[in-house]
$ cat coords_8.pdb   # PDB, C-alpha atoms, pLDDT in the B column
ATOM      1  CA  MET A   1     -29.000  74.262  19.976  1.00 71.00           C
ATOM      2  CA  GLU A   2     -26.188  73.560  22.318  1.00 76.00           C
ATOM      3  CA  GLY A   3     -23.161  75.719  21.735  1.00 75.00           C
ATOM      4  CA  LEU A   4     -25.044  78.769  20.468  1.00 82.00           C
ATOM      5  CA  GLN A   5     -25.614  81.738  22.753  1.00 81.00           C
ATOM      6  CA  ARG A   6     -28.584  83.068  20.837  1.00 86.00           C
ATOM      7  CA  ILE A   7     -30.737  82.002  17.917  1.00 92.00           C
ATOM      8  CA  THR A   8     -31.454  84.898  15.568  1.00 94.00           C
ATOM      9  CA  GLN A   9     -33.614  85.015  12.457  1.00 95.00           C
ATOM     10  CA  PRO A  10     -30.496  84.965  10.235  1.00 96.00           C
ATOM     11  CA  THR A  11     -29.302  81.881  12.159  1.00 96.00           C
ATOM     12  CA  LEU A  12     -32.612  80.154  11.436  1.00 96.00           C
ATOM     13  CA  ASP A  13     -32.354  81.170   7.768  1.00 96.00           C
ATOM     14  CA  VAL A  14     -28.880  79.680   7.424  1.00 97.00           C
ATOM     15  CA  LEU A  15     -29.798  76.527   9.366  1.00 96.00           C
ATOM     16  CA  GLU A  16     -32.776  76.007   7.091  1.00 94.00           C
ATOM     17  CA  VAL A  17     -30.541  76.080   4.002  1.00 96.00           C
ATOM     18  CA  LEU A  18     -27.891  73.869   5.613  1.00 96.00           C
ATOM     19  CA  LEU A  19     -30.465  71.310   6.724  1.00 94.00           C
ATOM     20  CA  ARG A  20     -32.007  71.153   3.258  1.00 93.00           C
ATOM     21  CA  ALA A  21     -28.540  70.729   1.736  1.00 95.00           C
ATOM     22  CA  TYR A  22     -27.830  67.945   4.252  1.00 94.00           C
ATOM     23  CA  ASP A  23     -31.097  66.198   3.365  1.00 92.00           C
ATOM     24  CA  GLU A  24     -30.294  66.460  -0.344  1.00 92.00           C
ATOM     25  CA  ASP A  25     -26.692  65.316   0.219  1.00 91.00           C
ATOM     26  CA  GLU A  26     -25.421  68.570  -1.281  1.00 90.00           C
ATOM     27  CA  LYS A  27     -22.609  70.872  -0.291  1.00 88.00           C
ATOM     28  CA  VAL A  28     -23.467  74.544  -0.292  1.00 95.00           C
ATOM     29  CA  HIS A  29     -21.047  77.465  -0.459  1.00 96.00           C
ATOM     30  CA  GLY A  30     -21.371  80.808   1.248  1.00 95.00           C
ATOM     31  CA  TRP A  31     -22.480  82.802  -1.787  1.00 95.00           C
ATOM     32  CA  ALA A  32     -25.256  80.276  -2.516  1.00 95.00           C
ATOM     33  CA  ILE A  33     -26.421  80.558   1.103  1.00 97.00           C
ATOM     34  CA  MET A  34     -26.442  84.372   0.814  1.00 97.00           C
ATOM     35  CA  LYS A  35     -28.502  84.154  -2.362  1.00 96.00           C
ATOM     36  CA  GLU A  36     -30.931  81.642  -0.858  1.00 95.00           C
ATOM     37  CA  VAL A  37     -31.565  83.542   2.402  1.00 96.00           C
ATOM     38  CA  LYS A  38     -31.422  86.998   0.770  1.00 96.00           C
ATOM     39  CA  ARG A  39     -29.112  88.388   3.440  1.00 96.00           C
ATOM     40  CA  SER A  40     -25.812  90.264   3.231  1.00 95.00           C
ATOM     41  CA  GLY A  41     -22.424  88.585   3.220  1.00 95.00           C
ATOM     42  CA  PRO A  42     -21.354  89.839   6.652  1.00 96.00           C
ATOM     43  CA  THR A  43     -24.596  88.592   8.192  1.00 97.00           C
ATOM     44  CA  VAL A  44     -24.378  85.132   6.630  1.00 97.00           C
ATOM     45  CA  TYR A  45     -20.661  84.689   7.262  1.00 97.00           C
ATOM     46  CA  ASN A  46     -21.022  85.780  10.902  1.00 96.00           C
ATOM     47  CA  VAL A  47     -23.697  83.104  11.355  1.00 96.00           C
ATOM     48  CA  LEU A  48     -21.515  80.504   9.618  1.00 97.00           C
ATOM     49  CA  ASP A  49     -18.555  81.460  11.824  1.00 96.00           C
ATOM     50  CA  ARG A  50     -20.682  81.070  14.972  1.00 95.00           C
ATOM     51  CA  LEU A  51     -21.986  77.692  13.761  1.00 95.00           C
ATOM     52  CA  GLU A  52     -18.431  76.542  13.016  1.00 95.00           C
ATOM     53  CA  ASP A  53     -17.183  77.754  16.402  1.00 94.00           C
ATOM     54  CA  ALA A  54     -19.998  75.757  18.032  1.00 93.00           C
ATOM     55  CA  HIS A  55     -18.917  72.656  16.022  1.00 94.00           C
ATOM     56  CA  LEU A  56     -22.314  72.452  14.309  1.00 94.00           C
ATOM     57  CA  VAL A  57     -20.989  73.119  10.809  1.00 96.00           C
ATOM     58  CA  ILE A  58     -17.843  72.116   8.957  1.00 96.00           C
ATOM     59  CA  GLY A  59     -16.415  74.447   6.327  1.00 96.00           C
ATOM     60  CA  GLU A  60     -14.063  73.093   3.670  1.00 95.00           C
ATOM     61  CA  TRP A  61     -12.235  74.902   0.898  1.00 95.00           C
ATOM     62  CA  GLU A  62     -12.673  73.406  -2.540  1.00 92.00           C
ATOM     63  CA  GLU A  63      -9.696  72.160  -4.489  1.00 91.00           C
ATOM     64  CA  LEU A  64      -9.075  74.137  -7.677  1.00 87.00           C
ATOM     65  CA  GLU A  65      -6.840  73.470 -10.622  1.00 87.00           C
ATOM     66  CA  PRO A  66      -3.983  75.992 -10.862  1.00 84.00           C
ATOM     67  CA  ASP A  67      -5.419  77.371 -14.120  1.00 85.00           C
ATOM     68  CA  ALA A  68      -8.909  77.946 -12.690  1.00 86.00           C
ATOM     69  CA  ASN A  69     -10.070  81.459 -13.396  1.00 88.00           C
ATOM     70  CA  ARG A  70     -12.016  82.085 -10.211  1.00 89.00           C
ATOM     71  CA  PRO A  71     -11.492  82.173  -6.454  1.00 90.00           C
ATOM     72  CA  ARG A  72     -11.926  79.049  -4.349  1.00 91.00           C
ATOM     73  CA  ARG A  73     -15.277  78.546  -2.667  1.00 94.00           C
ATOM     74  CA  ARG A  74     -15.784  77.422   0.904  1.00 95.00           C
ATOM     75  CA  PHE A  75     -18.450  74.733   1.240  1.00 96.00           C
ATOM     76  CA  TYR A  76     -20.415  74.295   4.449  1.00 97.00           C
ATOM     77  CA  THR A  77     -21.951  71.087   5.761  1.00 95.00           C
ATOM     78  CA  LEU A  78     -24.145  70.611   8.797  1.00 95.00           C
ATOM     79  CA  VAL A  79     -22.497  68.113  11.172  1.00 94.00           C
ATOM     80  CA  GLY A  80     -24.538  64.917  11.406  1.00 90.00           C
ATOM     81  CA  THR A  81     -24.852  65.141  15.183  1.00 91.00           C
ATOM     82  CA  ALA A  82     -26.339  68.647  14.833  1.00 93.00           C
ATOM     83  CA  VAL A  83     -29.074  67.557  12.421  1.00 94.00           C
ATOM     84  CA  PRO A  84     -31.656  66.420  15.024  1.00 93.00           C
ATOM     85  CA  ALA A  85     -31.233  69.638  17.022  1.00 92.00           C
ATOM     86  CA  ALA A  86     -31.495  71.786  13.863  1.00 92.00           C
ATOM     87  CA  ARG A  87     -34.604  69.879  12.784  1.00 92.00           C
ATOM     88  CA  ALA A  88     -36.208  70.290  16.231  1.00 91.00           C
ATOM     89  CA  LEU A  89     -35.345  73.991  16.391  1.00 92.00           C
ATOM     90  CA  LEU A  90     -36.809  74.669  12.958  1.00 92.00           C
ATOM     91  CA  ALA A  91     -39.904  72.574  13.729  1.00 91.00           C
ATOM     92  CA  GLU A  92     -40.449  74.679  16.840  1.00 91.00           C
ATOM     93  CA  ARG A  93     -39.730  78.120  15.400  1.00 90.00           C
ATOM     94  CA  ARG A  94     -40.537  77.666  11.704  1.00 88.00           C
ATOM     95  CA  PRO A  95     -42.900  74.738  11.142  1.00 80.00           C
ATOM     96  CA  ASN A  96     -43.157  75.473   7.389  1.00 80.00           C
ATOM     97  CA  ALA A  97     -39.372  75.335   6.965  1.00 70.00           C
ATOM     98  CA  LEU A  98     -39.319  71.541   6.903  1.00 67.00           C
ATOM     99  CA  LYS A  99     -41.738  71.229   3.981  1.00 68.00           C
ATOM    100  CA  PRO A 100     -40.114  70.079   0.713  1.00 64.00           C
ATOM    101  CA  LYS A 101     -38.779  72.840  -1.523  1.00 61.00           C
ATOM    102  CA  PRO A 102     -37.196  72.824  -4.980  1.00 61.00           C
ATOM    103  CA  ALA A 103     -33.557  71.766  -5.181  1.00 59.00           C
ATOM    104  CA  PHE A 104     -30.998  74.571  -5.057  1.00 56.00           C
ATOM    105  CA  GLY A 105     -31.097  76.736  -8.131  1.00 56.00           C
ATOM    106  CA  PHE A 106     -33.732  74.648  -9.911  1.00 50.00           C
ATOM    107  CA  LEU A 107     -37.485  74.867 -10.084  1.00 47.00           C
ATOM    108  CA  ARG A 108     -39.522  71.714  -9.917  1.00 49.00           C
ATOM    109  CA  LEU A 109     -40.908  71.123 -13.368  1.00 50.00           C
ATOM    110  CA  ASP A 110     -42.863  67.936 -12.749  1.00 54.00           C
ATOM    111  CA  TRP A 111     -46.110  69.850 -13.347  1.00 49.00           C
ATOM    112  CA  MET A 112     -44.972  70.456 -16.952  1.00 51.00           C
ATOM    113  CA  HIS A 113     -45.197  66.755 -17.788  1.00 52.00           C
ATOM    114  CA  GLY A 114     -48.996  67.047 -17.760  1.00 55.00           C
ATOM    115  CA  LEU A 115     -48.893  70.096 -20.005  1.00 54.00           C
ATOM    116  CA  LEU A 116     -46.551  68.406 -22.463  1.00 59.00           C
ATOM    117  CA  ALA A 117     -48.773  65.340 -22.544  1.00 59.00           C
ATOM    118  CA  GLY A 118     -51.764  67.557 -23.388  1.00 56.00           C
ATOM    119  CA  GLY A 119     -53.239  67.577 -19.899  1.00 55.00           C
ATOM    120  CA  GLY A 120     -53.973  70.520 -17.663  1.00 52.00           C
ATOM    121  CA  ARG A 121     -52.301  71.513 -14.481  1.00 46.00           C
TER     122      ARG A 121
END
$ encode --input "coords_8.pdb" --output "structure tokens"
Amino acid sequence: MEGLQRITQPTLDVLEVLLRAYDEDEKVHGWAIMKEVKRSGPTVYNVLDRLEDAHLVIGEWEELEPDANRPRRRFYTLVGTAVPAARALLAERRPNALKPKPAFGFLRLDWMHGLLAGGGR
């Protein structure tokens, strides 16, 4: 990917999450990325900083009501022009990464419909 000096495994992890979020038209915040890739905060945020510096990702702070009882989250979005390069990079280095996965935080339960209807799996 143009603009990045090196592509590390954590970079591929984060790109995989960002690309899936882009495909699902979702915004994803840093903590959710950390949870998804199972890497530490400093590792994930260093990758996000490098991607932002390379203009491949846009980070935006959420708007919170003054009475909100939590800190603001920063949401990250893969820039549309970076999507083809991210897709190509993942196809080259992680062919299984582009296979469909469950939406963030939710398991696919479509197999349960058969069970509920009295059928098998």
$ atom_distance --input "coords_8.pdb" --atom1 "CA of Ala54 in chain A" --atom2 "CA of Thr11 in chain A"
12.6 Å
$ residues_near_point --input "coords_8.pdb" --point "(-22.9, 67.8, 10.3)" --cutoff "8 Å" --atoms "only C-alpha atoms" --output "list in words"
Tyr22, Leu56, Val57, Ile58, Thr77, Leu78, Val79, Gly80, Thr81, Ala82 and Val83 of chain A
$ atom_distance --input "coords_8.pdb" --atom1 "CA of Val44 in chain A" --atom2 "CA of Leu15 in chain A"
10.5 Å
$ atom_distance --input "coords_8.pdb" --atom1 "CA of Gly3 in chain A" --atom2 "CA of Lys35 in chain A"
26.1 Å
$ residues_around --input "coords_8.pdb" --residues "Thr43 in chain A" --least-positions-apart "6" --cutoff "12 Å" --atoms "all atoms listed in the file" --output "PyMOL selection string"
chain A and resi 8-11+13-14+30-31+33-34+37+49-50
$ closest_residue --input "coords_8.pdb" --among "A:Leu89, A:Pro84, A:Val47, A:Arg94" --to "Asp23 in chain A" --atoms "all atoms listed in the file"
A:Pro84
$ axis_aligned_box --input "coords_8.pdb" --around "range 27-37 of chain A" --padding-each-side "4 Å" --output "lines of an AutoDock Vina configuration file"
center_x = -26.3
center_y = 77.6
center_z = -0.1
size_x = 18.5
size_y = 21.5
size_z = 12.9
$ resolve_selection --input "coords_8.pdb" --expression "the PyMOL selection byres ((chain A and resi 60-67) around 12)" --output "list in words"
Lys27, Val28, His29, Gly30, Glu52, Val57, Ile58, Gly59, Ala68, Asn69, Arg70, Pro71, Arg72, Arg73, Arg74, Phe75, Tyr76, Thr77 and Leu78 of chain A
$ build_atoms --input "coords_8.pdb" --residues "range 3-16 of chain A" --atoms "N, CA and C atoms" --output "CSV table (one decimal), in the coordinates of the input"
chain,number,residue,atom,x,y,z
A,3,GLY,N,-24.3,75.1,22.3
A,3,GLY,CA,-23.2,75.7,21.7
A,3,GLY,C,-23.4,77.1,21.2
A,4,LEU,N,-24.7,77.4,21.0
A,4,LEU,CA,-25.0,78.8,20.5
A,4,LEU,C,-25.6,79.6,21.6
A,5,GLN,N,-25.1,80.8,21.7
A,5,GLN,CA,-25.6,81.7,22.8
A,5,GLN,C,-27.0,82.2,22.5
A,6,ARG,N,-27.3,82.6,21.2
A,6,ARG,CA,-28.6,83.1,20.8
A,6,ARG,C,-28.9,82.6,19.4
A,7,ILE,N,-30.2,82.4,19.2
A,7,ILE,CA,-30.7,82.0,17.9
A,7,ILE,C,-31.5,83.2,17.3
A,8,THR,N,-30.9,83.7,16.2
A,8,THR,CA,-31.5,84.9,15.6
A,8,THR,C,-32.2,84.4,14.3
A,9,GLN,N,-32.9,85.3,13.7
A,9,GLN,CA,-33.6,85.0,12.5
A,9,GLN,C,-32.6,84.7,11.4
A,10,PRO,N,-31.5,85.4,11.2
A,10,PRO,CA,-30.5,85.0,10.2
A,10,PRO,C,-29.9,83.6,10.5
A,11,THR,N,-29.8,83.2,11.8
A,11,THR,CA,-29.3,81.9,12.2
A,11,THR,C,-30.3,80.8,11.7
A,12,LEU,N,-31.6,81.1,11.9
A,12,LEU,CA,-32.6,80.2,11.4
A,12,LEU,C,-32.6,80.1,9.9
A,13,ASP,N,-32.4,81.2,9.2
A,13,ASP,CA,-32.4,81.2,7.8
A,13,ASP,C,-31.2,80.3,7.3
A,14,VAL,N,-30.0,80.5,7.8
A,14,VAL,CA,-28.9,79.7,7.4
A,14,VAL,C,-29.1,78.2,7.8
A,15,LEU,N,-29.6,77.9,9.0
A,15,LEU,CA,-29.8,76.5,9.4
A,15,LEU,C,-30.8,75.8,8.4
A,16,GLU,N,-31.8,76.6,8.0
A,16,GLU,CA,-32.8,76.0,7.1
A,16,GLU,C,-32.1,75.6,5.8
